[in-house]
Each structure stands twice: as C-alpha cells, then as structure tokens.
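All remarks here apply to the structure that follows.
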Amino acid sequence: MDGMKGEVIKVSGPLVVAKGLTGARMYEMVRVGELGLFGEIIEIKRDEYSIQTYEETEGLGPGQPVVRTGEPLSVELGPGLIRSIYDGIQRPLDVLARDFGEYIVRGTQRPALDRSKIWGFVPVAHTGDTVKGGDILGTVQESALVSHKIMVPPGRMGTVGQIGPVSGNVDTEVAVIEGPDGPFGVTMVQRWPVRDSRPTKRKIAPTQTMTTGQRIIDMFFPIVKGGTACVPGPFGSGKTVVQHQLAKWADAQIVVYVGCGERGNEMTDVLMEFPHLKDPTTGEPLMERTVLIANTSNMPVAAREASVFTGISIAEYFRDMGYSVALMADSTSRWAEAMREISGRLEEMPGEEGYPAYLGSRIAGFYERAGAVICIGSDDRHGAVSIIGAVSPPGGDLSEPVVQTTLRVVKVYWGLDDKLAFARHFPAINWLASYSLYQEIVDSDADDTVDKMWSVNRRRAMTILQKEAELDELVRLVGIDALSLEDRLLMQAARMIREDFLHQNAFDDRDTYTSPRKQFMLLNLILRYYDEIRTGLADGATLDALLKLNVLDEITRAKLIPEDDLERFRSIESDIVNSIRALVW
Amino acid sequence: MGNIIREYRTVKEISGPLMLVDDVEGVTYGELAEIKMEDGSIRRGRVLEVHGKKAMVQVFEGTRGLSPQDVRVKFLAKGMELGMSIDMLGRVFDGSGRPMDDGPAIIPEKYLNVNGNQINPYARDYPNEFIQTGISTIDLLNTLVRGQKLPLFSGSGLPHSRIAAQIARQATVLKTGEKFAVVFAAMGITFEEAEFFIADFRKTGAIERSVLFINLADDPPIERLTLPRMALTTAEFLAFEKDMHVLVILTDITNYCEALREISAARKEVPGRRGYPGYLYTDLSTIYERAGRIKGKKGSITQIPVLTMPEDDKTHPIPDLTGYITEGQIIILRPLHTQGIYPPVDVLPSLSRLKDKGIGVGKTREDHSDVMNQLYAAYAQGKNARELAVILGESALTEEDVLFVKFSDAFEDRFVRQGEYENRTIEESLRIGWELLGMLPPNLLKRVRDEFIERYYPKSS
Ligand SMILES: Nc1ncnc2c1ncn2[C@@H]1O[C@H](COP(=O)(O)OP(=O)(O)OP(=O)(O)O)[C@@H](O)[C@H]1O
Ligand SMILES: [Mg+2]
C-alpha cells in the first residue's frame, strides 16, 4: 500500500523526521528503523512527519525505513491489568524481564495482557437482551479484590445472541451481538487510544469522601472520590511518600500508580511492599487492586510523555465498570519536562521557561479526565477517577509554570515545606498554606458518619494553629515570657496538634494508617485537654503544673493506640480530667 | 548500511565543540566518528544529529586547531564503546579511555556501549545492605546502603575530596568474603586533587582494586560528557558480570554539567534555568540511575557523586536536579569547616532516604533507629536554642535549652568531628551517640524506647 512505508530523513535525539508516509495521521503509531522502534507522529509539515520515538534512537539514520501501523497509541484493556507493571507505552516489564533479561532491549514487544492466562467468564446478560456500549455482559474474577466487568465496547449496540460461561485467554469470544450492521463478537479485551478520554454518560459533582488514613489530609485537607489534588514540594520533602501512602491506604477500589520520570528503586519498593500489605477494609494484599506504570527518569522521554495517558486510560476503563479509581502521577513535572524536550526538538515557539505554549491546556486536559461520573451503559452506575499529581518545582519555586498551571485546575493543594521536612515533621504538608475545596462536602459527610463534632473540632484546631503562627512571630521577637498565660496554653495545644496529631510516621506499622473514627478521637482528646487546662488555669492551677502533667505522655502515645482498642481514649480523657482536678484541689 | 568505512573531507562548519559534515551517507545518530588531522593525530567525536546528508558531530577533544580543509572524518558504524577487562583494575585511564599509566595495553574481553542500557525497573532489587563507611555522621545518621546513590553536596574549598577518599578507603560491609572495587571518575578536577586521590589509593593499596578515569581541569571539557559513562560501564561490567561490589565516585558533577551547557549553547538550544539545558534532569538521571542492584546478580553499584554548589546555593539547578534524582544527600557545610571540624557534615539537612531499610536488628543494631532519631532531634533543639540565644541573649534560655545547647556543642565536637583516618565501627558510633545522650536526663529522650534506655543509657555519673 502506498504511503504505508516511508524513510527517515533526520534524527535528533528522540525526534525522528520521516518522509513518504502520505496519508498518515497525527498521533498514528509507527515502527522506526531496522529495529522497529516504537514512535508516534506528532507533527506533519507537507511531506515531513515528525515522530517522537519511545526508545533510544542510537544507530538510526537517514534512509532507514518507517512503517505505519494505521493505529494511534492505544492500550489493551481487559483482565490481567491488575498486578501488572508496565512501561509508559504499556509494555509489560515483568514479561520483558523474563524474556529479555534485566536490561530493556529496544524494539522488543510482548502483549500487555498475558495470552497464556486463562480467565473464567461468568455471564450476567442473557441471549435476547438489548445492549449498548458500557453494558455489562459478564464478569471475570481478576484478583482477590477485583471483579472485572466485561462490557460492550463504547459506541456498539445490538441484541445479545450467543452468550454463556467460558474460560480462556483474553482473546476468547464471550458473546456474539447482533448489531445494526450485522453480528460482532465481544472478547475480554478492548483497545483504546490513550489520548482520547473514554466516554461517560455525564459527569456529576463528587459527593463521597475518599478516606486516606492520613490525618492531616482527612481532617484538614480532604479529597473526594472523583477529585483532583496536587502535591508540590522541593526534593526530599515527601511527595513520593504521600503518593505511596495514598496508593496504600486510600479507600479506592482500584489504584493506578504512574511513576513518571522518577527513580527505579521507588517502583521496586512498591513491587516488593504491596504484595505484603493488607487493604484495611478487606484484608487482601494491596497489590490485588493495583496497576503500576513505571517509566523511570532514565527511560526514554517520549514514553514518559505517554505514560500519564496510558495510566489515565486504564483508570477510566475501571471507572467504566463502576469502580472508584485513584490515579497517582509522580511526577507531573517530569511529564511536563518531557513535553518541553520534544517541543524544543520540534523547534516550536517556547513559552514560559521553555515549556510549550500548550502546557496549560495539556495539564488541564489531563486533570479533566478525573471526576465522578454516571457511566455509559443502561444501569446508570456511578464511577469515579481521582487524580493526585506530584509536582517537582525547580528549587522549590512555586511560581514556576507547572505548579501555577496545575493550581489553576486542581481542587486540593497539599503544599510540602522543606523546613518541616528538615525538622523531620512528616508529612511535611504546610497546614497554613494548603487547602481543599472539598471541605464542605467532607464536613457534612463526616459530621453524619463519624461524629457530629467533626467539623466543629476541625475548625477549632485550625484556628489554634493559625493563632500559633502569629504568636510564634511575637516569641521570636521578644521571647516566650511576653506571652499571656492564656496564650501559653494555646501554644501548648498547638504544639500538641502538630506533634501528636499532624505528625504521622509513614514507616511505623501502627501510625501509617488512622481511621476517621480514631482521627476524630485523637484530635478531640487534644482539644479536651486544652479545654481542661484552661479551666484549670482559671481555677488556680499553675501554668507549670498544667504543662507538665504526666498524662501528656499518654496523649503523645495515643496515636499508636490500636484501631480495635479505641476505648482507651475515654480512659485517657478521664485521666486528664482527674489529674487537673487534683491540681486545683 | 554496508560495512564500508566511510571517510569524508566535507567538513563545512566548525563552531564551538561542534562540526558539521556534509554529503554523508548512512551515518546514524550516536555513531562514533574518528577525525584525522593533517599531522596524522586523531580525535574522536559522536554524531548528535543527522539530517539528510548532514551530520553534526561533537568532538570530544575539542575543535582547537581544526580546519575544515584538512580534516578527514571517518564514521565507524558503531556507538561509543569501551573494551572491558578485569585487568582494568589497578589502572588509570584518560578521558577517552586510553591508559595513561605505564601499564600494558588492555586486552578487552568484550566491548560495551558506554551509554549502557536502562535497567528494567522490574529487575531491580531493593538496596538494603548496610555499608560501614567508618564516618559516624554517615553510618549512624545518614546510612549508606549498597546500590544507593548518595551525593556529597559541597562548596569550593571544602574537604569533599578528603571525605570521598575516606569513604573509598573505609567502606566495608559487615560480611566477609566479598569482592570490592572502586571506580573513580574525575571530571575537570585539578591535578593536585587527582594526585591526592591517586596517592591515597596507592598508599592504602586500594589502587589494586580501583579503576581510575581522569579528566583534568585543563583537559578537553567535552570529554567530561563521556567520562562518567565510561566509568559506569566499567562499574557495570565489574558488578554484574564479575560479581563485585563497586563504589563509584564521580567528581565533580558541576564540571560535567558545565560541559553539557557548553554543547547546548553551541547547538543554540532554548536554555533553561541559569543557561543549563531543559533536559539536564533527564541527562543526569542517565548517570545516576546506573546505580543499584539487580535481582539474581551478586554485585552492586553504589554511587557517591560529588558536586560543588555554586555560591553554596542548594537551589542552583545542579544540586537541585541532583537531589531530585539521588536517594538523599550529604551536605558539607562551610561554617563547620571554618570552625575546624572535619568532616563538616551538616547533619540536619542531610538525608539518606534508604537508611530505614538498611539498619536495625541483624543489620546494625536494634537501637540504631531510635538513637538516630534522638540524636537528630536533640541536636536540632540545641541548635535552635543556640540561635535563640544569639537573638535574645543567653538569659532567654530555659534550663532545658541550656542543656541542649551543651549537648549540641558536644555533638559537633565529639560525634561529627573525627579523624581523617579514624575508621569507626558502627558500635563505636553508637557508643559515642549514647555517651552524648547521657548528657540529657532519660525522661527527655522521648524518641528512644524504654527498653533501649535501660540497656544502653550510660550508667555512671
Ligand atoms: N510521612 C513520612 N513519614 C516518615 N518519613 C517521611 C515521611 N514523608 C517523607 N519522609 C522522609 O522523607 C524522605 C523523602 O521523601 P520523598 O522521597 O517522598 O520525597 P520527594 O518529595 O518525593 O522527593 P523527590 O522530589 O526527590 O522525589 C523519605 O525518604 C523519608 O525519609
Ligand atoms: Mg519523589
């Protein structure tokens, strides 16, 4: 066929220019050179086709062949995604390691979904049912935690003909549908072009809290199912730990973790840890709900650019089944830098800091793929994708373009502070600068389901922290003695909120996750102490005695009280009351 | 692409370290080129871009003295490769990989492309084996593990070379019967500094298990771009084919980055922060990510990159982007150095991100983590109090503050400070740590579990 094969005319790093591909479309995938490297057409100027190559281009030169595939960069969607680890263009890294060894070999490919795995399909639709895109034909138990819904592909419809229980690999036909243009078979696998968002019936406003087990997040800067959040911070401030913590403990049904231009060892960490960690609600290993995408910093930048889209397409697919999905992207700055590098090679007109002018629209477009939705299909089921993106600003400078454009679109901002990180206060989320626009949704939810004092306590605690910041200024100028006794008590309460509530050690088995109930009790305990010492002071107790109560140790250790022993909070409370009463008498 | 050797006399432009060769055929990206001068001498280069019949070549030894009329360029139909042999141990090479000592030529066992390949993240093994460097501030507080990349962030005139040499000399793992090697990559450092390392390696016998690649301050800057890659290729050969545990010292990364900036400027690329190219992060990661362990392989590569921060500024792109890739950083501080403390490690902002997996029972000692946290917290409190005293006067300090100030002075003097040839075991570091904690009453040691206080808190006085 004419134009299906062209030839290379230029190679500059990851950018290859070819000619002779007449008829090729933007974002079509091609195979480049004798090795058949994967690439994608990203610019067309007359007969010159610019291709970003997903693999190293050493050894490529003018005259070498370029072959069209006729298809845009697409992912395979079906049973087998869970527990997988893919690179940015969905090559299965575990299979590549098995077949080609410990280094990534150029031009190699293996199917994203393992064809040797046998799945059991259990139908839910019946012969004669009228179905349309999104309707569930049956299920496959993909992992201990995931019942994988096999759906009619978007845009198709008809009457179910043959259907029944079968087992086989993902290519097995599970149903035949009599469509308007004749019968078509449905297998367990769909393909989807990653740069297009998957259709939904419509978006709805998110209403459900996504609990993360991280106290500062759930209590002060919460996120919802279908929400968006960003975590900017300088190096070493704890972005990756926050992302890992959410991947572990957030009550999402599916987690897609995209390691985008970051460290190889961090992915190894997840791979080694997740199979041994138990989901707090189901007790099953966390890996049973996780999909990993790893395009580390040293892997080709074009595949890094694609990795985020590969991840979000997989997330949307699970959302379509009616699940709530959380996607973490660490780090979106590396993704933006990949765009910048490709744009530079294309000699596009640079915008701010060399980033392409379309940086803002790409970032917005990515986060826009999050949301709570009514899925396509007849049963109007709900699904959600939440996105949590890490941002790595150069020098920690928040005025740089990636942070700024991200802040324009996301609803939650967890600002990491290197001063807190140096002081080993983790998570180093700055409580004065961060915000969540979902606060009201979560407050009303938590007031109903956790404790009616939830939002009241939260506001009180935040006020104490803000007041502390003002008083701190004063202390720095004139010393602690300048403060009134009342203020000294407030400083004590604030310190306890910081150290005994906000501070949470991700690496301590007991501290790494706190249920909302316990979060409430812990904060309530501190506030109770604060109330009591204020009364105590009014009743004549000395400041020194109030600040040195033995019960303080118990409060400090309260964060380690096991989830099944929350009664102990009551006994600490009565200890507080008793010991202060003893002072006053 | 046949195997005909293609030689051209069609150099059209020379600019900075770059050369444009016209009318070429079959040239590929990344291909190695040999540039023959009139007098028969040879330089080498690498194809940075090929467009139709034009190839842009970066000349490693620089373009000084080249004239378009009298050079001949030969493309070698392969990438930049280096011959590998176990006999490289004990030898010194220049920036283009040629022996620069008086030893015999190396007979390669195989040739490897210096750009290496990316380790499949799935094939990595997580670094978790403690390396004892004999330096307390590292071993106890910022523990290094095998397969980690942990840079020294320093400033000009600070003793980072001495510290790096001390680590190379003393680094051991608490296990016996394993093979070690040091690969040393010097980029643009002075003759004296290089001599210091070589002499030190000779004196201690470490040279026998070392491979040195040296590019001095007055050597061609462009060589600095391939030098660390040659060093890492050698390290990979030793680690993953010869089962050795390899420590790679890369110094000075700042000079490397400057060479990269020079190329970028010559190519008229849109500059990023401070003129460094926008892809500096990605480029550095192709160096730093070549550290690690691989499942099923005995050896490992541990990297200690050294960089001097321009104006001691941690937000400068070089330390900044390095910090974004490496697994922590050891910060060398000028004020401590001025006070005469060696090694002047600034404990508070230093961090080893992999420490938690390399310490504790069976690795170092049960109380390691608690002691580390407590020393850290107490020192932070002492330093804070000391600053407060500067603003508000000594009298503003509480009794407790005074205690912590004393503690932090002693900490700097006895824990941070140690001899350049003092090789402390982890037990010694822990012992000194406990001695210092003994200055504080046990009830202030909130980060240490009671059982450890009972077992280790100094009894007398
Ligand atoms: N919640 C936490 N509990 C305990 N330690 C933490 C916590 N968060 C961060 N840390 C510490 O901080 C270190 C750095 O955190 P992390 O790797 O998440 O930083 P980062 O912001 O992702 O940095 P980079 O941008 O370089 O990737 C961790 O290795 C750990 O030692
Ligand atoms: Mg990180």
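Residues in the structure tokens are named by chain (A, B, ... in the order shown) and by number from 1 within that chain; ligands are numbered from 1 in the order shown.
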Restrict the calculation to only C-alpha atoms and all ligand atoms, then for each residue of chain A with any atom at most 10 Å from an atom of ligand 2 give the closest atom pair and their distance in Å to one decimal, rows by chain and rising residue number, as a Markdown table.
| residue | atom | partner | partner_atom_place_in_ligand_line | distance |
| --- | --- | --- | --- | --- |
| A:Gly233 | CA | ligand 2 | 1 (Mg) | 9.3 |
| A:Pro234 | CA | ligand 2 | 1 (Mg) | 9.2 |
| A:Phe235 | CA | ligand 2 | 1 (Mg) | 6.9 |
| A:Gly236 | CA | ligand 2 | 1 (Mg) | 6.8 |
| A:Ser237 | CA | ligand 2 | 1 (Mg) | 8.2 |
| A:Gly238 | CA | ligand 2 | 1 (Mg) | 6.7 |
| A:Lys239 | CA | ligand 2 | 1 (Mg) | 5.2 |
| A:Thr240 | CA | ligand 2 | 1 (Mg) | 4.0 |
| A:Val241 | CA | ligand 2 | 1 (Mg) | 7.2 |
| A:Val242 | CA | ligand 2 | 1 (Mg) | 9.1 |
| A:Gln243 | CA | ligand 2 | 1 (Mg) | 8.6 |
| A:His244 | CA | ligand 2 | 1 (Mg) | 9.7 |
| A:Gly259 | CA | ligand 2 | 1 (Mg) | 9.2 |
| A:Gly261 | CA | ligand 2 | 1 (Mg) | 9.9 |
| A:Glu262 | CA | ligand 2 | 1 (Mg) | 6.8 |
| A:Arg263 | CA | ligand 2 | 1 (Mg) | 7.7 |
| A:Glu266 | CA | ligand 2 | 1 (Mg) | 8.1 |
| A:Asp330 | CA | ligand 2 | 1 (Mg) | 6.8 |
| A:Ser331 | CA | ligand 2 | 1 (Mg) | 7.4 |
| A:Ala390 | CA | ligand 2 | 1 (Mg) | 8.0 |
| A:Val391 | CA | ligand 2 | 1 (Mg) | 9.3 |
| A:Ser392 | CA | ligand 2 | 1 (Mg) | 8.2 |
**Request:** Find the residues near Ser579 (chain A): any atom within 9 Å, counting only C-alpha atoms, skip ones fewer than 6 places away on the same chain, and give them as a PyMOL selection string.
**Result:** chain A and resi 549-551
With 9 Å as the cut-off and only C-alpha atoms and all ligand atoms counted, what is the closest atom pair between each nearby residue of chain B and ligand 1? Distances in Å to one decimal, ordered by chain and number, as a Markdown table.
| residue | atom | partner | partner_atom_place_in_ligand_line | distance |
| --- | --- | --- | --- | --- |
| B:Asp320 | CA | ligand 1 | 26 (O) | 9.0 |
| B:Leu321 | CA | ligand 1 | 26 (O) | 8.4 |
| B:Thr322 | CA | ligand 1 | 26 (O) | 8.4 |
| B:Gly323 | CA | ligand 1 | 26 (O) | 5.7 |
| B:Tyr324 | CA | ligand 1 | 26 (O) | 3.6 |
| B:Ile325 | CA | ligand 1 | 26 (O) | 5.8 |
| B:Thr326 | CA | ligand 1 | 26 (O) | 7.0 |
| B:Glu327 | CA | ligand 1 | 26 (O) | 7.4 |
| B:Gly328 | CA | ligand 1 | 29 (O) | 7.5 |
| B:Leu351 | CA | ligand 1 | 31 (O) | 7.3 |
| B:Ser352 | CA | ligand 1 | 29 (O) | 7.0 |
| B:Arg353 | CA | ligand 1 | 29 (O) | 3.7 |
| B:Leu354 | CA | ligand 1 | 29 (O) | 6.4 |
| B:Lys355 | CA | ligand 1 | 31 (O) | 7.8 |
| B:Asp356 | CA | ligand 1 | 31 (O) | 7.6 |
**Asked** Smallest atom-to-atom distance to chain B: which of A:Pro183, A:Gly33, A:Gly155, A:Pro111, using only C-alpha atoms?
**Response**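 Checking each candidate against chain B, we get A:Gly33 as the closest.
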I'd like a table as a tab-separated table: residues in chain A with an atom no more than 6 Å from chain B, each row giving the shortest atom pair and its distance in Å to one decimal, only C-alpha atoms counted, sorted by chain and rising residue number.
residue	atom	partner	partner_atom	distance
A:Ile9	CA	B:Gly52	CA	5.1
A:Lys10	CA	B:His51	CA	4.1
A:Val11	CA	B:Val50	CA	5.4
A:Ser12	CA	B:Glu49	CA	4.7
A:Glu58	CA	B:Gly30	CA	5.0
A:Gly59	CA	B:Thr28	CA	5.0
A:Leu60	CA	B:Thr28	CA	4.9
A:Gly61	CA	B:Thr28	CA	4.0
A:Pro62	CA	B:Gly52	CA	5.9
A:Asp94	CA	B:Tyr122	CA	5.8
A:Glu102	CA	B:Ala123	CA	5.3
A:Tyr103	CA	B:Ile119	CA	4.5
A:Ile104	CA	B:Asn120	CA	5.4
A:Phe235	CA	B:Tyr324	CA	5.1
A:Gly264	CA	B:Pro121	CA	5.2
A:Ser297	CA	B:Ser285	CA	5.8
A:Asn298	CA	B:Thr286	CA	4.8
A:Gly395	CA	B:Thr315	CA	4.4
A:Phe422	CA	B:Pro349	CA	5.5
Requested write-out: N, CA and C atoms of the selected residues, as an mmCIF file, in the first residue's frame:
data_model
loop_
_atom_site.group_PDB
_atom_site.id
_atom_site.type_symbol
_atom_site.label_atom_id
_atom_site.label_comp_id
_atom_site.auth_asym_id
_atom_site.auth_seq_id
_atom_site.Cartn_x
_atom_site.Cartn_y
_atom_site.Cartn_z
ATOM 1 N N ILE A 9 14.534 10.860 7.449
ATOM 2 C CA ILE A 9 15.426 11.857 6.875
ATOM 3 C C ILE A 9 16.242 12.596 7.940
ATOM 4 N N LYS A 10 15.786 12.524 9.189
ATOM 5 C CA LYS A 10 16.517 13.255 10.224
ATOM 6 C C LYS A 10 16.365 12.551 11.563
ATOM 7 N N VAL A 11 17.447 12.554 12.348
ATOM 8 C CA VAL A 11 17.369 12.017 13.701
ATOM 9 C C VAL A 11 18.037 13.006 14.652
ATOM 10 N N SER A 12 17.302 13.427 15.660
ATOM 11 C CA SER A 12 17.860 14.305 16.673
ATOM 12 C C SER A 12 17.326 13.841 18.017
ATOM 13 N N GLU A 58 19.803 5.645 19.089
ATOM 14 C CA GLU A 58 21.164 5.417 18.619
ATOM 15 C C GLU A 58 21.163 4.366 17.502
ATOM 16 N N GLY A 59 21.938 4.631 16.452
ATOM 17 C CA GLY A 59 22.021 3.685 15.339
ATOM 18 C C GLY A 59 20.975 3.928 14.255
ATOM 19 N N LEU A 60 20.167 4.947 14.464
ATOM 20 C CA LEU A 60 19.138 5.267 13.480
ATOM 21 C C LEU A 60 19.677 6.373 12.566
ATOM 22 N N GLY A 61 19.371 6.288 11.271
ATOM 23 C CA GLY A 61 19.864 7.336 10.389
ATOM 24 C C GLY A 61 19.028 7.449 9.141
ATOM 25 N N PRO A 62 19.291 8.493 8.339
ATOM 26 C CA PRO A 62 18.532 8.717 7.116
ATOM 27 C C PRO A 62 18.545 7.482 6.221
ATOM 28 N N ASP A 94 7.477 -6.971 33.571
ATOM 29 C CA ASP A 94 7.800 -8.273 34.160
ATOM 30 C C ASP A 94 8.067 -9.305 33.061
ATOM 31 N N GLU A 102 17.628 -8.382 32.269
ATOM 32 C CA GLU A 102 17.452 -7.287 33.217
ATOM 33 C C GLU A 102 17.500 -5.895 32.584
ATOM 34 N N TYR A 103 18.006 -5.821 31.348
ATOM 35 C CA TYR A 103 18.004 -4.510 30.690
ATOM 36 C C TYR A 103 16.881 -4.464 29.663
ATOM 37 N N ILE A 104 16.392 -3.261 29.420
ATOM 38 C CA ILE A 104 15.325 -3.107 28.436
ATOM 39 C C ILE A 104 15.946 -3.130 27.046
ATOM 40 N N PHE A 235 12.755 18.757 46.455
ATOM 41 C CA PHE A 235 13.199 17.372 46.598
ATOM 42 C C PHE A 235 13.326 16.979 48.064
ATOM 43 N N GLY A 264 13.962 4.362 39.711
ATOM 44 C CA GLY A 264 13.669 2.947 39.552
ATOM 45 C C GLY A 264 13.423 2.249 40.883
ATOM 46 N N SER A 297 13.147 7.870 35.233
ATOM 47 C CA SER A 297 13.810 9.047 34.670
ATOM 48 C C SER A 297 14.778 8.714 33.546
ATOM 49 N N ASN A 298 15.413 7.537 33.628
ATOM 50 C CA ASN A 298 16.414 7.219 32.612
ATOM 51 C C ASN A 298 15.807 6.533 31.398
ATOM 52 N N GLY A 395 14.105 24.156 42.407
ATOM 53 C CA GLY A 395 14.479 24.970 43.554
ATOM 54 C C GLY A 395 13.334 25.214 44.527
ATOM 55 N N PHE A 422 12.999 19.221 57.009
ATOM 56 C CA PHE A 422 14.278 19.265 57.728
ATOM 57 C C PHE A 422 14.068 18.994 59.200
#
**Message:** One decimal, in Å: what's the spacing between CA of Gly78 (chain A) and CA of Phe309 (chain A)?
**Reply:** 16.9 Å
**Closest of A:Pro427, A:Gly70, A:Pro280, A:Gly128 to Ile177 (chain A) - atom-to-atom distances counting only C-alpha atoms** =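 Looking only at the distances to Ile177 (chain A), the closest residue turns out to be A:Gly128.
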